[in-house]
file start.txt (compact mmCIF, C-alpha atoms)
# COMPACT_ATOMS: atom_id res chain seq x y z
CA MET A 1168 10.00 25.59 36.48
CA GLU A 1169 11.76 22.50 37.81
CA PRO A 1170 13.34 20.30 35.11
CA ILE A 1171 11.52 16.98 34.73
CA SER A 1172 13.19 14.12 36.68
CA TRP A 1173 13.59 10.55 35.42
CA THR A 1174 10.88 9.45 37.87
CA GLY A 1175 8.49 12.15 36.67
CA PHE A 1176 9.31 11.26 33.10
CA TRP A 1177 8.55 7.57 33.66
CA ILE A 1178 5.23 8.25 35.33
CA VAL A 1179 3.95 10.72 32.74
CA PHE A 1180 5.39 9.06 29.70
CA GLY A 1181 4.71 5.46 30.78
CA THR A 1182 1.05 6.06 31.56
CA CYS A 1183 0.45 8.11 28.42
CA ALA A 1184 2.19 5.48 26.28
CA ILE A 1185 -0.01 2.72 27.72
CA THR A 1186 -3.32 4.57 27.25
CA MET A 1187 -2.19 5.55 23.76
CA LEU A 1188 -1.37 1.94 22.84
CA ALA A 1189 -4.73 0.77 24.17
CA CYS A 1190 -6.62 3.38 22.10
CA ARG A 1191 -4.61 2.44 19.01
CA VAL A 1192 -4.77 -1.33 19.21
CA LEU A 1193 -7.85 -2.49 21.15
CA PRO A 1194 -10.67 -1.37 18.80
CA LEU A 1195 -8.98 -2.99 15.81
CA PHE A 1196 -8.51 -6.29 17.62
CA LEU A 1197 -12.05 -6.25 19.01
CA LEU A 1198 -13.50 -5.87 15.50
CA LYS A 1199 -10.93 -7.81 13.45
CA GLY A 1200 -11.95 -11.20 12.14
CA ARG A 1201 -15.63 -10.82 13.03
CA GLU A 1202 -18.49 -10.91 10.62
CA LEU A 1203 -19.47 -7.24 10.91
CA PRO A 1204 -23.12 -6.30 10.26
CA GLU A 1205 -23.59 -4.07 7.24
CA ARG A 1206 -24.66 -1.26 9.53
CA VAL A 1207 -21.38 -1.32 11.46
CA THR A 1208 -19.32 -1.36 8.26
CA GLU A 1209 -21.30 1.61 7.02
CA ALA A 1210 -20.68 3.48 10.27
CA LEU A 1211 -16.93 2.74 10.06
CA GLY A 1212 -16.98 4.24 6.57
CA PHE A 1213 -18.20 7.56 7.98
CA ILE A 1214 -15.16 7.83 10.25
CA PRO A 1215 -12.76 9.27 7.62
CA PRO A 1216 -14.89 12.25 6.50
CA ALA A 1217 -15.96 12.96 10.08
CA ALA A 1218 -12.42 12.70 11.44
CA PHE A 1219 -10.81 14.84 8.72
CA ALA A 1220 -13.51 17.50 9.19
CA ALA A 1221 -12.99 17.41 12.95
CA LEU A 1222 -9.21 17.77 12.56
CA VAL A 1223 -9.64 20.71 10.19
CA ALA A 1224 -12.19 22.40 12.44
CA ASN A 1225 -9.97 21.85 15.46
CA ASP A 1226 -7.08 23.61 13.70
CA LEU A 1227 -9.10 26.46 12.20
CA LEU A 1228 -11.95 27.31 14.55
CA THR A 1229 -11.71 28.77 18.03
CA PRO A 1230 -14.61 30.43 19.84
CA GLY A 1231 -13.93 34.17 20.06
CA MET A 1232 -11.22 34.03 17.40
CA PHE A 1233 -12.44 37.29 15.84
CA ALA A 1234 -12.64 39.17 19.13
CA ALA A 1235 -9.70 41.33 18.06
CA GLY A 1236 -10.99 41.90 14.52
CA PHE A 1237 -11.08 39.79 11.36
CA TRP A 1238 -7.38 40.21 10.61
CA PRO A 1239 -4.94 38.54 11.32
CA ALA A 1240 -7.32 35.95 12.85
CA GLY A 1241 -8.83 35.34 9.42
CA ALA A 1242 -5.48 34.53 7.76
CA PRO A 1243 -5.69 30.75 8.41
CA LEU A 1244 -9.22 30.70 6.99
CA VAL A 1245 -8.17 32.45 3.80
CA ALA A 1246 -5.13 30.17 3.50
CA ALA A 1247 -7.47 27.21 4.03
CA LEU A 1248 -9.65 28.33 1.12
CA ILE A 1249 -6.55 28.47 -1.09
CA VAL A 1250 -5.67 24.93 0.00
CA VAL A 1251 -9.20 23.76 -0.85
CA VAL A 1252 -8.74 25.02 -4.42
CA VAL A 1253 -5.25 23.51 -4.78
CA ALA A 1254 -6.42 20.22 -3.29
CA ARG A 1255 -9.46 19.95 -5.57
CA LEU A 1256 -7.33 20.67 -8.65
CA SER A 1257 -4.22 18.66 -7.81
CA LYS A 1258 -5.50 15.97 -5.42
CA SER A 1259 -1.93 16.05 -4.08
CA LEU A 1260 -1.19 16.11 -0.35
CA LEU A 1261 2.30 17.44 -0.92
CA LEU A 1262 1.20 20.31 -3.15
CA SER A 1263 -1.60 21.14 -0.71
CA ALA A 1264 0.81 21.25 2.22
CA ILE A 1265 3.28 23.47 0.35
CA ALA A 1266 0.53 25.78 -0.92
CA GLY A 1267 -0.92 26.04 2.58
CA VAL A 1268 2.32 26.92 4.31
CA VAL A 1269 3.35 29.43 1.64
CA ALA A 1270 -0.09 31.05 1.53
CA TYR A 1271 -0.28 31.27 5.31
CA ALA A 1272 3.24 32.69 5.63
CA LEU A 1273 2.52 35.34 2.99
CA LEU A 1274 -0.87 36.23 4.48
CA VAL A 1275 0.46 36.85 7.98
CA MET A 1276 3.11 39.15 6.50
CA ILE A 1277 0.41 41.42 5.06
CA MET B 1457 6.97 -7.78 3.70
CA PHE B 1458 10.41 -6.23 3.21
CA THR B 1459 10.32 -6.05 -0.56
CA LEU B 1460 10.97 -3.02 -2.73
CA ASP B 1461 7.53 -3.69 -4.15
CA ASN B 1462 6.07 -2.66 -0.78
CA ILE B 1463 8.67 -0.16 0.32
CA ARG B 1464 8.78 2.06 -2.75
CA PRO B 1465 5.08 2.98 -3.02
CA ALA B 1466 4.88 3.32 0.76
CA PHE B 1467 7.77 5.78 0.79
CA LYS B 1468 6.19 7.79 -1.99
CA ALA B 1469 2.89 7.97 -0.12
CA ALA B 1470 4.64 8.90 3.13
CA ILE B 1471 6.66 11.84 1.72
CA PRO B 1472 4.13 14.58 2.56
CA ILE B 1473 3.84 13.28 6.13
CA MET B 1474 7.60 12.90 6.52
CA LEU B 1475 8.26 16.49 5.42
CA GLY B 1476 5.51 17.80 7.68
CA TYR B 1477 6.97 15.88 10.62
CA VAL B 1478 10.39 17.43 10.05
CA ALA B 1479 8.81 20.88 10.23
CA ILE B 1480 7.01 20.24 13.53
CA GLY B 1481 9.33 17.56 14.97
CA ILE B 1482 12.28 19.92 15.33
CA PRO B 1483 10.29 22.49 17.34
CA CYS B 1484 8.89 19.61 19.42
CA GLY B 1485 12.43 18.47 20.25
CA ILE B 1486 13.42 22.02 21.16
CA LEU B 1487 10.43 22.34 23.47
CA SER B 1488 11.13 18.95 25.08
CA ALA B 1489 14.74 19.92 25.75
CA SER B 1490 13.56 23.12 27.40
CA ILE B 1491 11.94 21.16 30.26
CA GLY B 1492 15.13 19.16 30.80
CA MET B 1493 14.40 16.10 28.70
CA ASN B 1494 17.50 14.56 27.15
CA ALA B 1495 17.90 12.99 23.71
CA LEU B 1496 17.34 9.47 25.06
CA GLN B 1497 14.06 10.45 26.70
CA VAL B 1498 12.86 12.21 23.58
CA PHE B 1499 13.84 9.19 21.49
CA MET B 1500 11.86 6.89 23.80
CA MET B 1501 8.83 9.17 23.65
CA CYS B 1502 8.90 9.06 19.85
CA ALA B 1503 9.53 5.32 19.68
CA LEU B 1504 6.96 4.21 22.27
CA PHE B 1505 4.43 7.03 22.65
CA TYR B 1506 4.59 8.70 19.23
CA SER B 1507 2.01 11.43 19.43
CA GLY B 1508 2.54 14.89 17.98
CA ALA B 1509 -0.22 16.50 20.02
CA GLY B 1510 0.78 14.60 23.17
CA GLN B 1511 4.47 15.38 22.88
CA PHE B 1512 3.70 19.08 22.60
CA MET B 1513 1.18 18.99 25.44
CA ILE B 1514 3.42 17.30 28.00
CA PRO B 1515 6.21 19.94 27.97
CA ASN B 1516 3.73 22.80 27.67
CA MET B 1517 1.71 21.64 30.66
CA TRP B 1518 4.90 20.91 32.60
CA ILE B 1519 6.12 24.46 31.99
CA ALA B 1520 2.72 25.75 33.15
CA GLY B 1521 3.21 23.81 36.38
CA ALA B 1522 0.29 21.42 35.87
CA PRO B 1523 0.12 18.45 38.27
CA ILE B 1524 1.25 15.11 36.85
CA ALA B 1525 -2.22 13.55 37.11
CA SER B 1526 -3.76 16.39 35.12
CA ILE B 1527 -1.09 16.08 32.40
CA ILE B 1528 -1.76 12.35 32.07
CA LEU B 1529 -5.55 12.79 31.95
CA SER B 1530 -5.47 15.63 29.42
CA VAL B 1531 -3.04 13.84 27.10
CA SER B 1532 -4.96 10.57 27.29
CA PHE B 1533 -8.19 12.42 26.57
CA VAL B 1534 -6.72 13.98 23.43
CA ASN B 1535 -5.59 10.57 22.22
CA THR B 1536 -9.04 8.95 22.47
CA ARG B 1537 -9.60 9.84 18.81
CA GLN B 1538 -7.14 7.08 17.93
CA MET B 1539 -9.91 4.60 18.80
CA LEU B 1540 -11.87 5.76 15.78
CA TYR B 1541 -8.94 5.24 13.43
CA SER B 1542 -8.30 1.82 14.90
CA ALA B 1543 -11.95 0.79 14.40
CA ALA B 1544 -12.01 2.19 10.85
CA PHE B 1545 -8.99 0.08 9.87
CA ALA B 1546 -10.42 -3.18 11.26
CA PRO B 1547 -12.09 -4.33 8.01
CA TRP B 1548 -8.85 -3.83 6.08
CA CYS B 1549 -6.95 -6.01 8.55
CA GLU B 1550 -9.35 -8.94 8.25
CA ASN B 1551 -6.89 -11.35 6.68
CA VAL B 1552 -3.54 -10.28 8.08
CA SER B 1553 -1.59 -11.89 10.91
CA LYS B 1554 -2.05 -10.65 14.46
CA LYS B 1555 1.56 -9.55 14.61
CA LEU B 1556 1.32 -7.36 11.53
CA ALA B 1557 -2.06 -5.98 12.61
CA PHE B 1558 -0.52 -5.05 15.95
CA TRP B 1559 2.47 -3.21 14.46
CA PHE B 1560 0.24 -1.46 12.01
CA ALA B 1561 -2.33 -0.39 14.61
CA ALA B 1562 0.31 0.67 17.14
CA THR B 1563 1.90 3.17 14.73
CA VAL B 1564 -1.15 5.02 13.37
CA THR B 1565 -1.31 8.82 13.61
CA ASP B 1566 -3.83 11.38 12.33
CA GLU B 1567 -1.76 11.92 9.20
CA SER B 1568 -0.92 8.30 8.42
CA PHE B 1569 -4.55 7.35 9.05
CA GLY B 1570 -5.47 9.86 6.36
CA VAL B 1571 -2.88 8.82 3.82
CA ASN B 1572 -3.52 5.09 4.25
CA THR B 1573 -7.30 5.53 4.15
CA GLN B 1574 -6.92 7.39 0.88
CA GLN B 1575 -4.72 4.61 -0.54
CA PHE B 1576 -6.98 1.77 0.67
CA GLU B 1577 -9.97 3.47 -0.94
CA LYS B 1578 -8.04 3.98 -4.15
CA GLY B 1579 -7.35 0.23 -4.23
CA GLY B 1580 -4.23 -1.89 -4.64
CA TRP B 1581 -3.05 -1.05 -1.12
CA SER B 1582 -2.04 -3.57 1.54
CA VAL B 1583 -1.56 -3.54 5.30
CA GLN B 1584 2.13 -4.22 4.63
CA ARG B 1585 2.46 -1.02 2.65
CA ALA B 1586 0.34 0.87 5.15
CA THR B 1587 2.65 -0.29 7.95
CA PHE B 1588 5.64 0.99 5.99
CA VAL B 1589 3.92 4.37 5.61
CA ASN B 1590 3.54 4.40 9.40
CA LEU B 1591 7.15 3.42 10.01
CA PHE B 1592 8.57 5.95 7.55
CA SER B 1593 6.46 8.64 9.22
CA GLN B 1594 7.55 7.58 12.68
CA SER B 1595 11.22 7.52 11.63
CA SER B 1596 10.97 11.03 10.28
CA TRP B 1597 9.24 12.21 13.48
CA THR B 1598 11.79 10.51 15.73
CA VAL B 1599 14.86 11.81 13.90
CA SER B 1600 13.41 15.34 13.74
CA CYS B 1601 12.55 15.46 17.45
CA VAL B 1602 15.98 14.19 18.46
CA VAL B 1603 17.65 16.70 16.12
CA GLY B 1604 15.51 19.36 17.82
CA VAL B 1605 17.02 18.44 21.19
CA PHE B 1606 20.52 19.01 19.86
CA VAL B 1607 19.98 22.18 17.85
CA GLY B 1608 18.11 23.79 20.74
CA ASN B 1609 17.32 27.40 20.02
CA ALA B 1610 19.96 27.65 17.27
CA ILE B 1611 17.19 27.61 14.67
CA ASP B 1612 13.83 29.22 14.91
CA ILE B 1613 10.96 27.56 13.06
CA PRO B 1614 7.73 29.54 13.36
CA LEU B 1615 5.59 26.69 14.69
CA VAL B 1616 2.21 28.19 13.82
CA ILE B 1617 3.19 28.37 10.17
CA ALA B 1618 4.91 24.95 10.13
CA ALA B 1619 1.87 23.35 11.76
CA PHE B 1620 -0.28 24.66 8.93
CA ALA B 1621 1.31 21.96 6.74
CA MET B 1622 -0.68 19.43 8.78
CA THR B 1623 -3.87 21.47 8.59
CA SER B 1624 -3.40 21.63 4.80
CA ILE B 1625 -2.96 17.84 4.62
CA PHE B 1626 -6.21 17.36 6.56
CA ILE B 1627 -8.00 19.83 4.27
CA CYS B 1628 -6.80 17.94 1.20
CA LEU B 1629 -7.91 14.62 2.71
CA LEU B 1630 -11.30 16.12 3.53
CA VAL B 1631 -12.04 17.66 0.14
CA THR B 1632 -10.95 14.53 -1.74
CA GLN B 1633 -13.50 12.40 0.13
CA LYS B 1634 -16.42 11.03 -1.92
CA LEU B 1635 -19.01 13.79 -2.13
CA THR B 1636 -22.03 11.78 -1.00
CA ALA B 1637 -24.83 13.34 1.03
CA PRO B 1638 -24.12 11.32 4.22
CA ASN B 1639 -20.40 12.17 3.97
CA VAL B 1640 -21.25 15.87 3.75
CA VAL B 1641 -23.53 15.52 6.78
CA ALA B 1642 -20.73 13.71 8.65
CA ALA B 1643 -18.22 16.46 7.85
CA ILE B 1644 -20.42 19.44 8.66
CA THR B 1645 -21.81 18.04 11.91
CA ALA B 1646 -18.31 16.96 12.98
CA MET B 1647 -17.10 20.55 12.51
CA VAL B 1648 -20.03 21.92 14.47
CA GLY B 1649 -19.35 19.29 17.15
CA VAL B 1650 -15.73 20.37 17.51
CA PHE B 1651 -16.71 24.02 17.77
CA VAL B 1652 -19.37 23.35 20.39
CA CYS B 1653 -16.91 21.20 22.42
CA LYS B 1654 -14.43 24.06 22.44
CA LEU B 1655 -17.18 26.49 23.33
CA VAL B 1656 -18.10 24.53 26.46
CA GLY B 1657 -14.44 24.04 27.45
CA LEU B 1658 -13.97 20.45 26.23
CA SER B 1659 -11.10 21.28 23.91
CA GLY B 1660 -9.14 18.15 24.91
CA PRO B 1661 -11.46 15.50 23.48
CA ALA B 1662 -12.98 17.91 20.91
CA ILE B 1663 -11.70 15.98 17.88
CA PHE B 1664 -12.93 12.64 19.23
CA ILE B 1665 -16.36 13.90 20.29
CA GLY B 1666 -16.79 16.00 17.13
CA ALA B 1667 -15.92 13.07 14.85
CA LEU B 1668 -18.23 10.79 16.82
CA VAL B 1669 -21.06 13.32 16.45
CA GLY B 1670 -20.36 13.38 12.70
CA VAL B 1671 -20.51 9.58 12.39
CA VAL B 1672 -23.75 9.35 14.40
CA CYS B 1673 -25.44 12.15 12.43
CA ALA B 1674 -24.42 10.53 9.12
CA ILE B 1675 -25.92 7.20 10.23
CA VAL B 1676 -29.16 8.86 11.35
CA PHE B 1677 -29.29 10.83 8.12
CA SER B 1678 -28.87 7.80 5.89
CA ARG B 1679 -31.49 5.87 7.91
CA ILE B 1680 -34.01 8.68 7.54
CA ARG B 1681 -33.24 8.94 3.83
CA GLU B 1682 -33.77 5.22 3.35
CA GLY B 1683 -37.18 5.92 4.86
CA GLY B 1684 -39.98 3.45 5.61
CA SER B 1685 -38.06 0.46 6.89
CA GLY B 1686 -36.35 2.74 9.43
CA TRP B 1687 -34.28 0.99 12.08
CA SER B 1688 -35.79 -2.44 11.62
CA ARG B 1689 -34.16 -3.46 8.39

call {"tool": "encode", "arguments": {"input": "start.txt", "output": "structure tokens"}}
result
Amino acid sequence: MEPISWTGFWIVFGTCAITMLACRVLPLFLLKGRELPERVTEALGFIPPAAFAALVANDLLTPGMFAAGFWPAGAPLVAALIVVVVARLSKSLLLSAIAGVVAYALLVMI
Amino acid sequence: MFTLDNIRPAFKAAIPIMLGYVAIGIPCGILSASIGMNALQVFMMCALFYSGAGQFMIPNMWIAGAPIASIILSVSFVNTRQMLYSAAFAPWCENVSKKLAFWFAATVTDESFGVNTQQFEKGGWSVQRATFVNLFSQSSWTVSCVVGVFVGNAIDIPLVIAAFAMTSIFICLLVTQKLTAPNVVAAITAMVGVFVCKLVGLSGPAIFIGALVGVVCAIVFSRIREGGSGWSR
């Protein structure tokens, strides 16, 4: 592998930074300050549950993940169940994160 | 803007994100250094690009010898999901200045989107505070990545386990959502959408497409449930 040059860095990083900024800023400015129809507001309200579910699924589910047996591939799923319980009881992000990492670390040691 | 009244609650809300970013920022800095990036370059990436997934993907694809165009396309694809967060925040930014809305929007990540959404829904939250949550998170990410460049391989953080802190945060955000029928439909179909995307080889934009599928299904579901009047309300 060749180390990345300053030119290579500028091309990759510059372009990625610009597309990232566009994705982050444009939709908000296109919608901001307009009288949004009720239907659009309702649709925007579905973004959080859909996005969180998609992020969780992206982290936990991979096609063929159990090809080599249920364990250790199942460890993240079991740890996730523990987090669900902790999250429902505590409603705390911090406690959930700590419980998740500890549970996962212990489970992969089994 | 810069009052303790805004800063203190924002810091408190940002703590879980900040700690998580330390755990994955240091390995990200180590990885970046391994392809020859220096501290200044890593700092600029964090300050101007600021994407956990993207900053892991670039060095990984570089190591794998991927062409520059393919790195740019893949990373940009992964970041399309930011459009959804940006749109979702629009109603909350109705009455704030363009400048503040810009700084806020430009510093949103998966995690800060989650934390701020939770706070906005709880009530008593402002775009000022939300922006501070973003900036605290970004500071933690930037410092951790730069530290990673300097420590190099001196410390070994098992990334898979550290990254589970983020997964856990997303799980908590998901299960503390309002348990309405359309929300459940949105969540389940989004998960199925992600899985199907990965199955057909679209793992890059899987989160974006999956979430979009979830939103569309939830809309269709609530229309059908309303019944009668259908689409012509």

call {"tool": "closest_atom_pairs", "arguments": {"input": "start.txt", "of": "chain B", "to": "chain A", "cutoff": "6 Å", "atoms": "all atoms listed in the file", "output": "tab-separated table"}}
result
residue	atom	partner	partner_atom	distance
B:Pro1472	CA	A:Leu1261	CA	4.9
B:Ile1491	CA	A:Pro1170	CA	5.1
B:Gly1492	CA	A:Pro1170	CA	4.8
B:Phe1505	CA	A:Ala1184	CA	4.5
B:Ile1528	CA	A:Val1179	CA	6.0
B:Gln1538	CA	A:Arg1191	CA	5.4
B:Met1539	CA	A:Cys1190	CA	4.8
B:Ser1542	CA	A:Leu1195	CA	4.9
B:Ala1543	CA	A:Leu1195	CA	5.0
B:Ala1544	CA	A:Leu1211	CA	5.0
B:Ala1546	CA	A:Leu1195	CA	4.8
B:Glu1550	CA	A:Gly1200	CA	5.2
B:Ala1561	CA	A:Val1192	CA	5.3
B:Ala1562	CA	A:Arg1191	CA	5.6
B:Phe1620	CA	A:Val1268	CA	5.8
B:Ala1621	CA	A:Ala1264	CA	4.6
B:Ser1624	CA	A:Ala1264	CA	5.0
B:Ile1625	CA	A:Leu1260	CA	5.6
B:Phe1626	CA	A:Phe1219	CA	5.7
B:Cys1628	CA	A:Ala1254	CA	5.1
B:Leu1630	CA	A:Phe1219	CA	5.4
B:Ala1642	CA	A:Ala1217	CA	5.0
B:Ala1643	CA	A:Ala1217	CA	4.7
B:Ala1646	CA	A:Ala1221	CA	5.3
B:Met1647	CA	A:Ala1221	CA	5.2
B:Leu1655	CA	A:Pro1230	CA	5.9
B:Ile1663	CA	A:Ala1221	CA	5.3
B:Gly1666	CA	A:Ala1221	CA	5.8
B:Ala1667	CA	A:Ala1217	CA	4.8
B:Gly1670	CA	A:Ala1217	CA	5.1
B:Val1671	CA	A:Phe1213	CA	5.4

call {"tool": "closest_residue", "arguments": {"input": "start.txt", "among": "B:Ala1637, B:Ile1611, B:Met1457, B:Val1589", "to": "B:Gly1570", "atoms": "all atoms listed in the file"}}
result
B:Val1589

call {"tool": "atom_distance", "arguments": {"input": "start.txt", "atom1": "atom CA of B:Val1603", "atom2": "atom CA of B:Tyr1477"}}
result
12.0 Å

call {"tool": "closest_residue", "arguments": {"input": "start.txt", "among": "B:Val1564, B:Met1517, B:Val1552, B:Ile1471", "to": "B:Asn1535", "atoms": "only C-alpha atoms"}}
result
B:Val1564

call {"tool": "closest_residue", "arguments": {"input": "start.txt", "among": "B:Val1650, B:Ala1495, B:Ile1617, B:Met1500", "to": "B:Ala1662", "atoms": "all atoms listed in the file"}}
result
B:Val1650

call {"tool": "atom_distance", "arguments": {"input": "start.txt", "atom1": "atom CA of B:Gly1660", "atom2": "atom CA of B:Trp1597"}}
result
22.4 Å

call {"tool": "atom_distance", "arguments": {"input": "start.txt", "atom1": "atom CA of B:Gly1508", "atom2": "atom CA of B:Leu1540"}}
result
17.2 Å

call {"tool": "closest_residue", "arguments": {"input": "start.txt", "among": "B:Ala1466, B:Cys1601, B:Ile1486, B:Leu1460", "to": "B:Met1501", "atoms": "all atoms listed in the file"}}
result
B:Cys1601

call {"tool": "build_atoms", "arguments": {"input": "start.txt", "residues": "stretch 1654-1680 of chain B", "atoms": "N, CA and C atoms", "output": "tab-separated table (two decimals), keeping the file's coordinate frame"}}
result
chain	number	residue	atom	x	y	z
B	1654	LYS	N	-15.35	23.02	22.01
B	1654	LYS	CA	-14.43	24.06	22.44
B	1654	LYS	C	-15.16	25.16	23.19
B	1655	LEU	N	-16.38	25.45	22.72
B	1655	LEU	CA	-17.18	26.49	23.33
B	1655	LEU	C	-17.49	26.18	24.79
B	1656	VAL	N	-17.74	24.90	25.09
B	1656	VAL	CA	-18.10	24.53	26.46
B	1656	VAL	C	-16.87	24.09	27.25
B	1657	GLY	N	-15.66	24.32	26.69
B	1657	GLY	CA	-14.44	24.04	27.45
B	1657	GLY	C	-13.92	22.62	27.34
B	1658	LEU	N	-14.47	21.83	26.41
B	1658	LEU	CA	-13.97	20.45	26.23
B	1658	LEU	C	-12.98	20.39	25.07
B	1659	SER	N	-11.97	21.26	25.08
B	1659	SER	CA	-11.10	21.28	23.91
B	1659	SER	C	-10.22	20.04	23.83
B	1660	GLY	N	-9.96	19.37	24.94
B	1660	GLY	CA	-9.14	18.15	24.91
B	1660	GLY	C	-9.71	17.08	23.99
B	1661	PRO	N	-10.89	16.56	24.33
B	1661	PRO	CA	-11.46	15.50	23.48
B	1661	PRO	C	-12.30	16.03	22.32
B	1662	ALA	N	-12.11	17.30	21.93
B	1662	ALA	CA	-12.98	17.91	20.91
B	1662	ALA	C	-12.97	17.13	19.59
B	1663	ILE	N	-11.78	16.68	19.16
B	1663	ILE	CA	-11.70	15.98	17.88
B	1663	ILE	C	-12.46	14.66	17.95
B	1664	PHE	N	-12.26	13.93	19.06
B	1664	PHE	CA	-12.93	12.64	19.23
B	1664	PHE	C	-14.45	12.81	19.27
B	1665	ILE	N	-14.91	13.72	20.14
B	1665	ILE	CA	-16.36	13.90	20.29
B	1665	ILE	C	-16.96	14.43	18.98
B	1666	GLY	N	-16.29	15.42	18.38
B	1666	GLY	CA	-16.79	16.00	17.13
B	1666	GLY	C	-16.92	14.93	16.04
B	1667	ALA	N	-15.88	14.10	15.89
B	1667	ALA	CA	-15.92	13.07	14.85
B	1667	ALA	C	-17.02	12.06	15.15
B	1668	LEU	N	-17.18	11.73	16.42
B	1668	LEU	CA	-18.23	10.79	16.82
B	1668	LEU	C	-19.61	11.36	16.49
B	1669	VAL	N	-19.80	12.65	16.79
B	1669	VAL	CA	-21.06	13.32	16.45
B	1669	VAL	C	-21.31	13.21	14.94
B	1670	GLY	N	-20.24	13.46	14.16
B	1670	GLY	CA	-20.36	13.38	12.70
B	1670	GLY	C	-20.80	12.01	12.24
B	1671	VAL	N	-20.18	10.96	12.79
B	1671	VAL	CA	-20.51	9.58	12.39
B	1671	VAL	C	-21.97	9.28	12.74
B	1672	VAL	N	-22.38	9.64	13.96
B	1672	VAL	CA	-23.75	9.35	14.40
B	1672	VAL	C	-24.77	10.09	13.52
B	1673	CYS	N	-24.50	11.38	13.26
B	1673	CYS	CA	-25.44	12.15	12.43
B	1673	CYS	C	-25.54	11.55	11.03
B	1674	ALA	N	-24.40	11.10	10.47
B	1674	ALA	CA	-24.42	10.53	9.12
B	1674	ALA	C	-25.25	9.25	9.10
B	1675	ILE	N	-25.13	8.44	10.16
B	1675	ILE	CA	-25.92	7.20	10.23
B	1675	ILE	C	-27.41	7.54	10.29
B	1676	VAL	N	-27.75	8.46	11.21
B	1676	VAL	CA	-29.16	8.86	11.35
B	1676	VAL	C	-29.68	9.40	10.03
B	1677	PHE	N	-28.88	10.25	9.39
B	1677	PHE	CA	-29.29	10.83	8.12
B	1677	PHE	C	-29.57	9.76	7.07
B	1678	SER	N	-28.65	8.78	6.95
B	1678	SER	CA	-28.87	7.80	5.89
B	1678	SER	C	-30.03	6.87	6.23
B	1679	ARG	N	-30.30	6.65	7.53
B	1679	ARG	CA	-31.49	5.87	7.91
B	1679	ARG	C	-32.76	6.59	7.51
B	1680	ILE	N	-32.80	7.90	7.84
B	1680	ILE	CA	-34.01	8.68	7.54
B	1680	ILE	C	-34.23	8.70	6.03
